[in-house]
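Shown here: my_file36.csv, CSV, N, CA and C atoms.
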```
chain,number,residue,atom,x,y,z
A,1,MET,N,90.3,95.0,95.8
A,1,MET,CA,90.0,94.9,94.4
A,1,MET,C,91.1,93.9,93.9
A,2,LYS,N,90.7,93.1,93.0
A,2,LYS,CA,91.6,92.1,92.3
A,2,LYS,C,92.2,92.7,91.1
A,3,THR,N,93.4,92.4,90.9
A,3,THR,CA,94.1,92.9,89.7
A,3,THR,C,95.2,91.9,89.3
A,4,THR,N,95.6,92.0,88.1
A,4,THR,CA,96.7,91.1,87.6
A,4,THR,C,97.9,92.0,87.3
A,5,LEU,N,99.1,91.5,87.8
A,5,LEU,CA,100.3,92.2,87.6
A,5,LEU,C,101.4,91.2,87.0
A,6,ASP,N,102.3,91.8,86.2
A,6,ASP,CA,103.4,91.0,85.7
A,6,ASP,C,104.6,91.4,86.6
A,7,ILE,N,105.1,90.5,87.4
A,7,ILE,CA,106.1,90.8,88.4
A,7,ILE,C,107.3,89.9,88.0
A,8,ASN,N,108.5,90.5,88.1
A,8,ASN,CA,109.7,89.8,88.0
A,8,ASN,C,109.7,88.5,88.9
A,9,ASP,N,110.1,87.4,88.3
A,9,ASP,CA,110.1,86.1,89.1
A,9,ASP,C,110.8,86.2,90.4
A,10,GLN,N,112.1,86.7,90.3
A,10,GLN,CA,112.9,86.8,91.5
A,10,GLN,C,112.3,87.7,92.6
A,11,LEU,N,111.7,88.8,92.1
A,11,LEU,CA,111.1,89.8,93.0
A,11,LEU,C,109.9,89.1,93.7
A,12,LEU,N,109.1,88.4,92.9
A,12,LEU,CA,108.0,87.7,93.5
A,12,LEU,C,108.4,86.6,94.5
A,13,ALA,N,109.4,85.9,94.2
A,13,ALA,CA,109.9,84.9,95.1
A,13,ALA,C,110.4,85.5,96.4
A,14,ASP,N,111.1,86.7,96.3
A,14,ASP,CA,111.6,87.4,97.5
A,14,ASP,C,110.5,87.9,98.3
A,15,ALA,N,109.4,88.4,97.6
A,15,ALA,CA,108.3,88.9,98.4
A,15,ALA,C,107.5,87.8,99.1
A,16,LYS,N,107.4,86.7,98.4
A,16,LYS,CA,106.7,85.5,99.1
A,16,LYS,C,107.5,85.0,100.3
A,17,ALA,N,108.9,85.0,100.2
A,17,ALA,CA,109.7,84.6,101.3
A,17,ALA,C,109.6,85.6,102.5
A,18,LEU,N,109.5,86.9,102.1
A,18,LEU,CA,109.4,87.9,103.2
A,18,LEU,C,108.0,87.7,103.9
A,19,ALA,N,107.0,87.5,103.1
A,19,ALA,CA,105.6,87.3,103.7
A,19,ALA,C,105.6,86.1,104.6
A,20,ALA,N,106.3,85.0,104.2
A,20,ALA,CA,106.3,83.8,105.0
A,20,ALA,C,107.1,84.1,106.3
A,21,GLN,N,108.2,84.8,106.2
A,21,GLN,CA,109.0,85.1,107.3
A,21,GLN,C,108.3,86.0,108.3
A,22,GLN,N,107.5,86.9,107.8
A,22,GLN,CA,106.7,87.8,108.7
A,22,GLN,C,105.4,87.3,109.0
A,23,ARG,N,105.1,86.1,108.5
A,23,ARG,CA,103.8,85.5,108.8
A,23,ARG,C,102.6,86.4,108.4
A,24,THR,N,102.7,86.9,107.2
A,24,THR,CA,101.7,87.7,106.7
A,24,THR,C,101.4,87.3,105.2
A,25,SER,N,100.5,88.0,104.6
A,25,SER,CA,100.1,87.6,103.2
A,25,SER,C,101.0,88.3,102.2
A,26,LEU,N,101.1,87.7,101.0
A,26,LEU,CA,101.8,88.4,99.9
A,26,LEU,C,101.1,89.7,99.6
A,27,THR,N,99.8,89.7,99.6
A,27,THR,CA,99.0,90.9,99.4
A,27,THR,C,99.5,92.0,100.3
A,28,ARG,N,99.6,91.7,101.6
A,28,ARG,CA,100.0,92.7,102.6
A,28,ARG,C,101.4,93.3,102.3
A,29,VAL,N,102.3,92.4,102.0
A,29,VAL,CA,103.7,92.9,101.6
A,29,VAL,C,103.7,93.8,100.5
A,30,ILE,N,102.9,93.5,99.4
A,30,ILE,CA,102.9,94.3,98.2
A,30,ILE,C,102.2,95.6,98.6
A,31,GLU,N,101.1,95.6,99.3
A,31,GLU,CA,100.4,96.8,99.7
A,31,GLU,C,101.3,97.8,100.5
A,32,GLU,N,102.1,97.2,101.5
A,32,GLU,CA,103.0,98.0,102.3
A,32,GLU,C,104.1,98.6,101.4
A,33,GLY,N,104.6,97.9,100.5
A,33,GLY,CA,105.6,98.4,99.6
A,33,GLY,C,105.1,99.5,98.7
A,34,LEU,N,103.9,99.4,98.2
A,34,LEU,CA,103.3,100.4,97.4
A,34,LEU,C,103.0,101.7,98.2
A,35,GLN,N,102.5,101.5,99.5
A,35,GLN,CA,102.2,102.6,100.3
A,35,GLN,C,103.5,103.4,100.6
A,36,LEU,N,104.6,102.7,100.9
A,36,LEU,CA,105.9,103.4,101.1
A,36,LEU,C,106.3,104.2,99.9
A,37,ARG,N,106.2,103.6,98.8
A,37,ARG,CA,106.6,104.3,97.5
A,37,ARG,C,105.7,105.5,97.3
A,38,LEU,N,104.4,105.4,97.5
A,38,LEU,CA,103.5,106.5,97.3
A,38,LEU,C,103.8,107.6,98.3
A,39,ARG,N,104.1,107.3,99.5
A,39,ARG,CA,104.4,108.3,100.6
A,39,ARG,C,105.6,109.0,100.2
A,40,SER,N,106.6,108.3,99.7
A,40,SER,CA,107.9,109.0,99.4
A,40,SER,C,107.7,110.0,98.2
A,41,GLN,N,106.8,109.7,97.3
A,41,GLN,CA,106.6,110.5,96.2
A,41,GLN,C,105.7,111.8,96.6
A,42,ALA,N,104.9,111.6,97.6
A,42,ALA,CA,104.0,112.7,98.1
A,42,ALA,C,104.8,113.7,98.9
A,43,ALA,N,105.9,113.3,99.5
A,43,ALA,CA,106.7,114.2,100.3
A,43,ALA,C,107.3,115.3,99.4
A,44,PRO,N,107.3,116.5,99.8
A,44,PRO,CA,107.9,117.6,99.0
A,44,PRO,C,109.4,117.3,98.8
A,45,GLN,N,109.8,117.5,97.6
A,45,GLN,CA,111.3,117.4,97.3
A,45,GLN,C,111.9,118.7,97.6
A,46,ARG,N,113.0,118.6,98.4
A,46,ARG,CA,113.7,119.8,98.8
A,46,ARG,C,115.0,119.9,98.1
A,47,GLY,N,115.3,121.2,97.8
A,47,GLY,CA,116.7,121.4,97.3
A,47,GLY,C,117.7,121.5,98.5
A,48,ARG,N,118.8,122.1,98.2
A,48,ARG,CA,119.8,122.3,99.2
A,48,ARG,C,119.2,123.3,100.2
A,49,LEU,N,119.4,123.0,101.5
A,49,LEU,CA,119.0,123.9,102.6
A,49,LEU,C,120.1,125.0,102.8
A,50,ARG,N,119.7,126.2,102.7
A,50,ARG,CA,120.6,127.3,102.9
A,50,ARG,C,120.5,127.8,104.4
A,51,LEU,N,121.7,127.7,105.1
A,51,LEU,CA,121.7,128.1,106.5
A,51,LEU,C,122.0,129.6,106.5
A,52,PRO,N,121.4,130.3,107.5
A,52,PRO,CA,121.7,131.7,107.6
A,52,PRO,C,123.1,131.9,108.2
A,53,VAL,N,123.8,132.9,107.7
A,53,VAL,CA,125.2,133.2,108.2
A,53,VAL,C,125.2,134.6,108.7
A,54,PHE,N,125.7,134.8,109.9
A,54,PHE,CA,125.9,136.1,110.5
A,54,PHE,C,127.2,136.7,110.0
A,55,LYS,N,127.1,137.9,109.3
A,55,LYS,CA,128.2,138.5,108.7
A,55,LYS,C,128.6,139.8,109.4
A,56,GLY,N,128.1,139.9,110.6
A,56,GLY,CA,128.3,141.2,111.4
A,56,GLY,C,129.7,141.1,112.1
A,57,ARG,N,129.9,142.2,112.8
A,57,ARG,CA,131.2,142.3,113.6
A,57,ARG,C,130.9,142.1,115.0
A,58,GLY,N,131.9,142.0,115.8
A,58,GLY,CA,131.7,142.0,117.2
A,58,GLY,C,132.5,140.8,117.8
A,59,GLY,N,131.9,140.1,118.7
A,59,GLY,CA,132.6,139.1,119.4
A,59,GLY,C,132.4,139.2,120.9
A,60,LEU,N,133.3,138.7,121.6
A,60,LEU,CA,133.2,138.8,123.1
A,60,LEU,C,133.4,140.2,123.6
A,61,ALA,N,132.7,140.4,124.7
A,61,ALA,CA,132.9,141.7,125.4
A,61,ALA,C,134.4,141.8,125.8
A,62,ALA,N,134.9,143.0,125.9
A,62,ALA,CA,136.3,143.2,126.3
A,62,ALA,C,136.5,142.7,127.7
A,63,GLY,N,137.6,142.0,127.8
A,63,GLY,CA,138.0,141.5,129.1
A,63,GLY,C,137.4,140.1,129.5
A,64,VAL,N,136.7,139.5,128.6
A,64,VAL,CA,136.1,138.2,128.9
A,64,VAL,C,137.0,137.1,128.3
A,65,ASP,N,137.4,136.2,129.1
A,65,ASP,CA,138.3,135.1,128.7
A,65,ASP,C,137.5,134.0,128.1
A,66,PRO,N,137.6,133.7,126.8
A,66,PRO,CA,136.8,132.7,126.2
A,66,PRO,C,137.2,131.3,126.6
A,67,LEU,N,138.3,131.1,127.3
A,67,LEU,CA,138.7,129.8,127.7
A,67,LEU,C,138.3,129.5,129.2
A,68,SER,N,137.6,130.5,129.8
A,68,SER,CA,137.2,130.3,131.2
A,68,SER,C,135.6,130.3,131.3
A,69,ASN,N,135.1,129.1,131.7
A,69,ASN,CA,133.7,129.0,131.9
A,69,ASN,C,133.2,130.0,132.9
A,70,LYS,N,133.9,130.2,133.9
A,70,LYS,CA,133.5,131.1,135.0
A,70,LYS,C,133.4,132.5,134.5
A,71,ALA,N,134.4,132.9,133.6
A,71,ALA,CA,134.3,134.3,133.1
A,71,ALA,C,133.2,134.4,132.1
A,72,MET,N,132.9,133.4,131.3
A,72,MET,CA,131.8,133.4,130.4
A,72,MET,C,130.4,133.6,131.1
A,73,LEU,N,130.3,132.8,132.2
A,73,LEU,CA,129.0,132.8,133.0
A,73,LEU,C,128.9,134.2,133.6
A,74,ALA,N,130.0,134.7,134.1
A,74,ALA,CA,129.9,136.0,134.8
A,74,ALA,C,129.5,137.1,133.8
A,75,ALA,N,130.0,137.0,132.5
A,75,ALA,CA,129.7,138.0,131.5
A,75,ALA,C,128.2,137.9,131.1
A,76,LEU,N,127.6,136.7,131.3
A,76,LEU,CA,126.2,136.5,131.0
A,76,LEU,C,125.3,137.0,132.2
A,77,GLY,N,126.0,137.2,133.3
A,77,GLY,CA,125.2,137.5,134.5
A,77,GLY,C,124.5,136.3,135.1
A,78,ASP,N,125.1,135.1,134.8
A,78,ASP,CA,124.5,133.8,135.3
A,78,ASP,C,125.6,133.2,136.1
A,79,ASP,N,125.6,133.4,137.4
A,79,ASP,CA,126.7,132.9,138.3
A,79,ASP,C,126.4,131.5,138.8
A,80,ALA,N,125.3,130.9,138.3
A,80,ALA,CA,124.9,129.6,138.9
A,80,ALA,C,125.8,128.5,138.7
```

Transcribe the structure of this file into structure tokens.
Amino acid sequence: MKTTLDINDQLLADAKALAAQQRTSLTRVIEEGLQLRLRSQAAPQRGRLRLPVFKGRGGLAAGVDPLSNKAMLAALGDDA
């Protein structure tokens, strides 16, 4: 569909230069830009993500040395 737009002169010059550099049409550059903008608007806006926090008690089993990989693997029952 044909349409008429009023575009900032510098923006149009930059878009034409990009089209020439990419060996494509100005129409294609404008369409791609519009598609990107519409896709970003369609994506759901998320607020801050809340991570779950474990507030329980516990820790390592008694007698397990947390600085020893061998002791940790043995406590898991995985001697591999």

Quiz item: How far is it from atom N of Val29 in chain A to atom C of Lys16 in chain A, in Å with one decimal?
Solution: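 One can read the atom N of Val29 in chain A to atom C of Lys16 in chain A distance as 9.2 Å.
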
Quiz prompt | Of the listed residues A:Ile7, A:Leu49, A:Ala75, A:Ala42, that which approaches Ala61 in chain A most closely, counting only N, CA and C atoms | solution =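 Looking only at the distances to Ala61 in chain A, the closest residue turns out to be A:Ala75.
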
For range 48-57 of chain A, what centre and edge lengths in Å (one decimal) does the axis-aligned box get once 8 Å is added on each side of all its listed atoms, as JSON?
```
{"center_x": 125.0, "center_y": 132.2, "center_z": 106.6, "size_x": 28.4, "size_y": 36.2, "size_z": 32.8}
```

Practice problem: Have a look at A:Ala19, A:Val53, A:Val64, A:Met1 and name the one nearest to Glu32 in chain A; count only C-alpha atoms. | Solution: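 Closest candidate: A:Ala19.
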
Quiz item: Just how far from CA of Leu51 in chain A is atom N of Arg39 in chain A, in Å to one decimal?
Solution: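 Value for the atom N of Arg39 in chain A-CA of Leu51 in chain A distance: 28.1 Å.
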
Practice problem: Could you find all residues in chain A that DSSP calls helix (DSSP H, G or I) from the backbone, and write them as a PyMOL selection string? | Solution: chain A and resi 9-21+26-42+69-76

Self-check item: Counting only C-alpha atoms, the option among A:Leu38, A:Gly56, A:Ile30, A:Arg50 closest to Asp14 in chain A
Solution: A:Ile30

Quiz item: In Å, with one decimal, what is the gap from CA of Ala13 in chain A to CA of Ser40 in chain A?
Solution: 24.6 Å
